[in-house]
Number of protein chains: 2
Amino acid sequence: MRDAETVTLVDVARRAGVSLATASRVMNGSDRKVSPELRERVVGAARELRYVRNANAQALAKARSAIVGVIVHDIGDPYFSEILRGVEAAGEGTGQLLLVCDTHRDPERELEYLTLLHAHRASTIVIAGSGHEDRAHNVAVGTRLDAFVNGGGRVVLIGRHHYGGDAVLPDNRGGARALMREVLAHGHRAVAIIGGPPHLTTTHDRLDGCRLAFADAGLTFDPACVIDGDFSRESGEAATHALYARGDEPTAIVALNDEMAVGALTALRERGLRVPDDVSLVGFDDIPVAADVTPALTTVNVPLNHIGEVAMRLAREPASDGFRAAHVAAHVVIRESLGKRSLLKP
Amino acid sequence: MRDAETVTLVDVARRAGVSLATASRVMNGSDRKVSPELRERVVGAARELRYVRNANAQALAKARSAIVGVIVHDIGDPYFSEILRGVEAAGEGTGQLLLVCDTHRDPERELEYLTLLHAHRASTIVIAGSGHEDRAHNVAVGTRLDAFVNGGGRVVLIGRHHYGGDAVLPDNRGGARALMREVLAHGHRAVAIIGGPPHLTTTHDRLDGCRLAFADAGLTFDPACVIDGDFSRESGEAATHALYARGDEPTAIVALNDEMAVGALTALRERGLRVPDDVSLVGFDDIPVAADVTPALTTVNVPLNHIGEVAMRLAREPASDGFRAAHVAAHVVIRESLGKRSLLKP
DNA sequence: TTGTATGCGTTATCAT
DNA sequence: ATGATAACGCATACAA
């Protein structure tokens, strides 16, 4: 294998006997302003020379790179893989490269990725992770996002964020409210909630929905019934054990996402408690695995895939003066893990 | 927010009263050839101006971009998320940007990503997905990889590929052999195997290990006991149903990865078959969920995280003349899903 | 140690 | 429709 010099557009142009400009127009320009004959010569030369375009040079010349950066909290979490799938599907064939940025739930990393994507002059930044209630962090995010937008970048947010911009908004509050109503309707009164990170807007909204359901039923909501998790499976397991360790005896456990619910299921099994006979359990999001565990999880369907698609579609539309918001409904899915309050228990 | 002109290094240099070169050395050059005083002035100016480097311009000037591309078959598959986690951990703090490319198990997309990464002048390409036994595809991959390497890129392969290069090689054959030995040792003779895509080297090697175990025990291996899946959970479920639909009555089912084993578990439950009482089930890879399902899965531990780390470490070492190969052992993990052959069954 | 000048590969603005 | 040429923002070889 010869240590071939890198082939550039100039080489292709020379070989085809045309100018650099023409070669550029054929290889990349979307214009049709080249005669079929020359076009063919250029394409042929490129193939013979095994020309591979230099995306960096293109990005420099165009002042924008064909990259869409998606910031997620955890790439291993099905919640995000599903959204990603949607984003990908909607971006198919646009020539845009999907750059997945995994923050591992570290706000600091989120900031780093924001500047990194700016540095790469990404065309769009999609923040798929939840917004924060932390003021300092929001200011930091806002500063970076403003700079990015001023530089010509597009921004799309998934979930409620403290930043003005186009957004896809799943109805976390409404979904949680409907879910909790269902739980209460099954006769449960001793309810424990495994929450997400307290500073996330998603946690906030879902918790709020739960509270509303209590109010709807004329019941008082005891904040002490909430025990925080971090939306990971492990935290769901740990929280459940902590629940019993501190003496709670819930007849129903509401996990604010499915991953934690799956963890809770493991914990309950370890404790010899049957679901839903001894205790009911519900989740949130309706990730694929929710239907596969035993018993299948009653949860709130959030159309993750769809959300990703809508986000990408918003991203492709040019920025407008006002901010577009795409609201997405969430509805309860009844499966096996929720039962009537056991009469054998107090 | 003013529609600020993009700030460049020239602006920073001017503001700091130094030359472009000096500013460049301070902001990006790894050299320490700048006096503390000037350095401080530059850093200050950059901060005041909210300077954000242009990664594309840097990449163009250096003829290489700080991007590590990792090609996976399915980003939602824990097998790959775990490897990714390892890659990320080992790449931490190197200033390299991780670019995850999801082929969705489509060989064509693999090729596209190869040229895309070449176009971006990525520093390294890590192919995390299995190699292929398809000759035409291997030639296509080889051509692209050669071009990339000739252009100065690094390549690291995970698993057995038909391409000469640094590689991380999990012992699929040995692991499968040990696993199947265990199954046979439990008295099972009517064994069904849910295989992966036939054209993947991983499938090939694991199947080979199974055959060896039969030979070790002086038993003949019936190729008809294999039913193909595609390594997805769904395919495991479908394959299991297909198994029974065609009249097989295995006392043990061996899925060539855990995802399919989980799918098989669902199918068995749907059929009212208890594991391991009615039928035993084992998987491969030991992804996190393997320990969480009921019953917990007996499987082969493949240190995914470690593999990712080693791959990244190889990537960071400069290319050598010979090809480095890092062999990684795989060992059987006994859990609940494998039992002795039921005596109640024929 | 610091500055000057050139090139990286492409796109885009002009002419022609 | 095609060609010449000036940016694009940065790194670096070389000069001072």
# chains A, B, ... in the order shown; residues from 1 in each chain; ligands from 1
call {"tool": "closest_atom_pairs", "arguments": {"of": "chain B", "to": "chain A", "cutoff": "7 Å", "atoms": "only C-alpha atoms", "output": "JSON lines"}}
result
{"residue": "B:Asp3", "atom": "CA", "partner": "A:Asn150", "partner_atom": "CA", "distance": 5.6}
{"residue": "B:Ala4", "atom": "CA", "partner": "A:Asn150", "partner_atom": "CA", "distance": 6.5}
{"residue": "B:Thr6", "atom": "CA", "partner": "A:Gly151", "partner_atom": "CA", "distance": 6.2}
{"residue": "B:Val52", "atom": "CA", "partner": "A:Ala119", "partner_atom": "CA", "distance": 5.9}
{"residue": "B:Arg53", "atom": "CA", "partner": "A:Ala119", "partner_atom": "CA", "distance": 5.4}
{"residue": "B:Asn54", "atom": "CA", "partner": "A:Ala119", "partner_atom": "CA", "distance": 4.9}
{"residue": "B:Ala55", "atom": "CA", "partner": "A:His120", "partner_atom": "CA", "distance": 4.9}
{"residue": "B:Asn56", "atom": "CA", "partner": "A:Asn56", "partner_atom": "CA", "distance": 4.8}
{"residue": "B:Ala57", "atom": "CA", "partner": "A:Leu60", "partner_atom": "CA", "distance": 5.8}
{"residue": "B:Ala59", "atom": "CA", "partner": "A:Asn56", "partner_atom": "CA", "distance": 6.3}
{"residue": "B:Leu60", "atom": "CA", "partner": "A:Asn56", "partner_atom": "CA", "distance": 5.7}
{"residue": "B:Ile75", "atom": "CA", "partner": "A:Ser81", "partner_atom": "CA", "distance": 6.8}
{"residue": "B:Gly76", "atom": "CA", "partner": "A:Ser81", "partner_atom": "CA", "distance": 5.4}
{"residue": "B:Pro78", "atom": "CA", "partner": "A:Gly76", "partner_atom": "CA", "distance": 6.6}
{"residue": "B:Ser81", "atom": "CA", "partner": "A:Gly76", "partner_atom": "CA", "distance": 5.4}
{"residue": "B:Leu99", "atom": "CA", "partner": "A:Leu99", "partner_atom": "CA", "distance": 5.7}
{"residue": "B:Val100", "atom": "CA", "partner": "A:Val100", "partner_atom": "CA", "distance": 6.4}
{"residue": "B:Ala119", "atom": "CA", "partner": "A:Asn54", "partner_atom": "CA", "distance": 4.9}
{"residue": "B:His120", "atom": "CA", "partner": "A:Ala55", "partner_atom": "CA", "distance": 4.9}
{"residue": "B:Asn150", "atom": "CA", "partner": "A:Asp3", "partner_atom": "CA", "distance": 5.6}
{"residue": "B:Gly151", "atom": "CA", "partner": "A:Thr6", "partner_atom": "CA", "distance": 6.2}
{"residue": "B:Thr266", "atom": "CA", "partner": "A:Asp292", "partner_atom": "CA", "distance": 6.4}
{"residue": "B:Asp292", "atom": "CA", "partner": "A:Thr266", "partner_atom": "CA", "distance": 6.4}
call {"tool": "select_by_dssp", "arguments": {"residues": "region 83-280 of chain B", "states": "strand (DSSP E)", "output": "number ranges by chain"}}
result
B: 97-102, 122-127, 154-158, 166-170, 191-195, 226-228, 252-255, 280
call {"tool": "write_last_selection", "arguments": {"atoms": "N, CA and C atoms", "output": "mmCIF file, in the first residue's frame"}}
result
data_model
loop_
_atom_site.group_PDB
_atom_site.id
_atom_site.type_symbol
_atom_site.label_atom_id
_atom_site.label_comp_id
_atom_site.auth_asym_id
_atom_site.auth_seq_id
_atom_site.Cartn_x
_atom_site.Cartn_y
_atom_site.Cartn_z
ATOM 1 N N LEU B 97 -12.989 13.878 21.127
ATOM 2 C CA LEU B 97 -14.446 13.839 21.120
ATOM 3 C C LEU B 97 -14.911 12.481 20.625
ATOM 4 N N LEU B 98 -15.797 11.859 21.397
ATOM 5 C CA LEU B 98 -16.281 10.541 21.027
ATOM 6 C C LEU B 98 -17.454 10.654 20.068
ATOM 7 N N LEU B 99 -17.326 10.043 18.921
ATOM 8 C CA LEU B 99 -18.401 10.083 17.932
ATOM 9 C C LEU B 99 -18.957 8.684 17.763
ATOM 10 N N VAL B 100 -20.174 8.477 18.255
ATOM 11 C CA VAL B 100 -20.780 7.152 18.210
ATOM 12 C C VAL B 100 -21.572 6.964 16.924
ATOM 13 N N CYS B 101 -21.243 5.942 16.179
ATOM 14 C CA CYS B 101 -21.925 5.683 14.909
ATOM 15 C C CYS B 101 -22.722 4.386 14.999
ATOM 16 N N ASP B 102 -24.026 4.499 14.899
ATOM 17 C CA ASP B 102 -24.918 3.358 15.035
ATOM 18 C C ASP B 102 -25.319 2.845 13.653
ATOM 19 N N ALA B 122 -11.071 11.930 11.235
ATOM 20 C CA ALA B 122 -11.040 11.469 12.615
ATOM 21 C C ALA B 122 -9.646 10.955 12.929
ATOM 22 N N SER B 123 -9.245 11.052 14.176
ATOM 23 C CA SER B 123 -7.918 10.562 14.533
ATOM 24 C C SER B 123 -7.942 9.037 14.587
ATOM 25 N N THR B 124 -9.059 8.493 15.038
ATOM 26 C CA THR B 124 -9.159 7.045 15.212
ATOM 27 C C THR B 124 -10.547 6.518 14.888
ATOM 28 N N ILE B 125 -10.561 5.328 14.318
ATOM 29 C CA ILE B 125 -11.832 4.633 14.130
ATOM 30 C C ILE B 125 -11.769 3.340 14.927
ATOM 31 N N VAL B 126 -12.744 3.167 15.808
ATOM 32 C CA VAL B 126 -12.843 1.920 16.552
ATOM 33 C C VAL B 126 -14.067 1.185 16.030
ATOM 34 N N ILE B 127 -13.849 -0.006 15.504
ATOM 35 C CA ILE B 127 -15.007 -0.782 15.064
ATOM 36 C C ILE B 127 -15.365 -1.730 16.193
ATOM 37 N N ARG B 154 -5.804 6.140 12.659
ATOM 38 C CA ARG B 154 -5.582 4.931 13.440
ATOM 39 C C ARG B 154 -6.838 4.084 13.406
ATOM 40 N N VAL B 155 -6.643 2.774 13.461
ATOM 41 C CA VAL B 155 -7.801 1.879 13.477
ATOM 42 C C VAL B 155 -7.636 0.826 14.556
ATOM 43 N N VAL B 156 -8.691 0.604 15.321
ATOM 44 C CA VAL B 156 -8.676 -0.459 16.320
ATOM 45 C C VAL B 156 -9.951 -1.282 16.155
ATOM 46 N N LEU B 157 -9.780 -2.587 16.156
ATOM 47 C CA LEU B 157 -10.928 -3.469 15.949
ATOM 48 C C LEU B 157 -11.272 -4.219 17.220
ATOM 49 N N ILE B 158 -12.549 -4.398 17.473
ATOM 50 C CA ILE B 158 -12.969 -5.208 18.606
ATOM 51 C C ILE B 158 -13.602 -6.462 18.034
ATOM 52 N N ASP B 166 -4.591 -3.369 14.756
ATOM 53 C CA ASP B 166 -4.633 -3.600 16.195
ATOM 54 C C ASP B 166 -6.029 -4.063 16.570
ATOM 55 N N ALA B 167 -6.083 -5.009 17.481
ATOM 56 C CA ALA B 167 -7.391 -5.559 17.817
ATOM 57 C C ALA B 167 -7.509 -6.007 19.265
ATOM 58 N N VAL B 168 -8.728 -5.959 19.772
ATOM 59 C CA VAL B 168 -9.041 -6.498 21.091
ATOM 60 C C VAL B 168 -9.880 -7.735 20.826
ATOM 61 N N LEU B 169 -9.399 -8.882 21.319
ATOM 62 C CA LEU B 169 -10.060 -10.132 20.962
ATOM 63 C C LEU B 169 -10.619 -10.907 22.145
ATOM 64 N N PRO B 170 -11.913 -10.781 22.393
ATOM 65 C CA PRO B 170 -12.534 -11.565 23.461
ATOM 66 C C PRO B 170 -12.548 -13.026 23.035
ATOM 67 N N VAL B 191 -30.438 -30.034 23.297
ATOM 68 C CA VAL B 191 -30.070 -28.628 23.431
ATOM 69 C C VAL B 191 -30.427 -27.852 22.168
ATOM 70 N N ALA B 192 -31.030 -26.698 22.346
ATOM 71 C CA ALA B 192 -31.319 -25.832 21.197
ATOM 72 C C ALA B 192 -30.448 -24.596 21.322
ATOM 73 N N ILE B 193 -29.935 -24.128 20.202
ATOM 74 C CA ILE B 193 -29.086 -22.937 20.226
ATOM 75 C C ILE B 193 -29.743 -21.820 19.424
ATOM 76 N N ILE B 194 -29.860 -20.663 20.058
ATOM 77 C CA ILE B 194 -30.344 -19.504 19.311
ATOM 78 C C ILE B 194 -29.105 -18.730 18.877
ATOM 79 N N GLY B 195 -28.835 -18.791 17.599
ATOM 80 C CA GLY B 195 -27.604 -18.190 17.077
ATOM 81 C C GLY B 195 -27.759 -16.729 16.721
ATOM 82 N N VAL B 226 -29.621 -25.537 15.748
ATOM 83 C CA VAL B 226 -29.397 -24.088 15.737
ATOM 84 C C VAL B 226 -30.509 -23.363 14.996
ATOM 85 N N ILE B 227 -31.023 -22.330 15.622
ATOM 86 C CA ILE B 227 -32.011 -21.493 14.958
ATOM 87 C C ILE B 227 -31.481 -20.063 15.033
ATOM 88 N N ASP B 228 -31.471 -19.380 13.908
ATOM 89 C CA ASP B 228 -30.817 -18.067 13.882
ATOM 90 C C ASP B 228 -31.653 -16.934 14.456
ATOM 91 N N ALA B 252 -32.727 -27.698 27.304
ATOM 92 C CA ALA B 252 -31.910 -26.502 27.557
ATOM 93 C C ALA B 252 -31.815 -25.663 26.288
ATOM 94 N N ILE B 253 -31.894 -24.357 26.480
ATOM 95 C CA ILE B 253 -31.746 -23.436 25.357
ATOM 96 C C ILE B 253 -30.524 -22.571 25.594
ATOM 97 N N VAL B 254 -29.662 -22.517 24.595
ATOM 98 C CA VAL B 254 -28.459 -21.695 24.685
ATOM 99 C C VAL B 254 -28.610 -20.523 23.721
ATOM 100 N N ALA B 255 -28.706 -19.309 24.271
ATOM 101 C CA ALA B 255 -28.800 -18.125 23.413
ATOM 102 C C ALA B 255 -27.390 -17.551 23.303
ATOM 103 N N SER B 280 -33.981 -25.291 30.845
ATOM 104 C CA SER B 280 -32.882 -24.432 31.272
ATOM 105 C C SER B 280 -32.591 -23.421 30.177
#
call {"tool": "interface_residues", "arguments": {"of": "chain B", "to": "chain C", "cutoff": "8 Å", "atoms": "only C-alpha atoms (C1' of nucleotides)", "output": "list in words"}}
result
Ser19, Ala21, Thr22, Lys33, Val34, Ser35, Leu60, Ala61, Lys62 and Ala63 of chain B
call {"tool": "interface_residues", "arguments": {"of": "chain D", "to": "chain A", "cutoff": "8 Å", "atoms": "only C-alpha atoms (C1' of nucleotides)", "output": "ChimeraX atom specification"}}
result
/D:1-3,8-9
call {"tool": "write_last_selection", "arguments": {"atoms": "C-alpha atoms (C1' of nucleotides)", "output": "PDB file, in the first residue's frame"}}
result
ATOM      1  C1'  DA D   1     -22.271  27.526 -17.543  1.00  0.00           C
ATOM      2  C1'  DT D   2     -17.447  28.027 -16.235  1.00  0.00           C
ATOM      3  C1'  DG D   3     -13.182  29.875 -14.317  1.00  0.00           C
ATOM      4  C1'  DC D   8     -12.546  30.896   6.127  1.00  0.00           C
ATOM      5  C1'  DG D   9      -9.651  30.508  11.187  1.00  0.00           C
TER       6       DG D   9
END
call {"tool": "closest_residue", "arguments": {"among": "A:Arg32, A:Arg274, A:Arg47, A:His161", "to": "Ala325 (chain A)", "atoms": "only C-alpha atoms"}}
result
A:His161
call {"tool": "select_by_dssp", "arguments": {"residues": "region 118-343 of chain B", "states": "helix (DSSP H, G or I)", "output": "VMD selection string"}}
result
chain B and resid 118 to 119 135 to 150 172 to 185 201 to 216 223 to 225 233 to 245 258 to 270 288 to 291 304 to 316
call {"tool": "residues_around", "arguments": {"residues": "Pro198 (chain A)", "least_positions_apart": "5", "cutoff": "12 Å", "atoms": "only C-alpha atoms (C1' of nucleotides)", "output": "PyMOL selection string"}}
result
chain A and resi 130-134+203-208+226-231+256
call {"tool": "write_last_selection", "arguments": {"atoms": "C-alpha atoms", "output": "tab-separated table (two decimals), in the first residue's frame"}}
result
chain	number	residue	atom	x	y	z
A	130	SER	CA	-34.18	17.26	31.34
A	131	GLY	CA	-33.89	20.91	32.31
A	132	HIS	CA	-32.56	21.97	35.70
A	133	GLU	CA	-34.02	23.99	38.50
A	134	ASP	CA	-30.55	25.13	39.52
A	203	THR	CA	-38.80	15.20	38.43
A	204	HIS	CA	-40.42	18.40	39.48
A	205	ASP	CA	-43.26	18.14	36.98
A	206	ARG	CA	-43.99	14.48	37.58
A	207	LEU	CA	-44.06	15.01	41.31
A	208	ASP	CA	-46.37	17.91	40.78
A	226	VAL	CA	-41.05	10.64	48.47
A	227	ILE	CA	-37.62	9.09	48.47
A	228	ASP	CA	-35.15	10.34	45.88
A	229	GLY	CA	-33.52	8.21	43.21
A	230	ASP	CA	-31.47	9.35	40.25
A	231	PHE	CA	-33.44	7.70	37.44
A	256	LEU	CA	-40.94	8.24	38.48
call {"tool": "atom_distance", "arguments": {"atom1": "CA of Gln96 (chain A)", "atom2": "CA of Leu114 (chain B)"}}
result
14.7 Å
call {"tool": "atom_distance", "arguments": {"atom1": "CA of Glu309 (chain A)", "atom2": "CA of Ala89 (chain A)"}}
result
6.8 Å
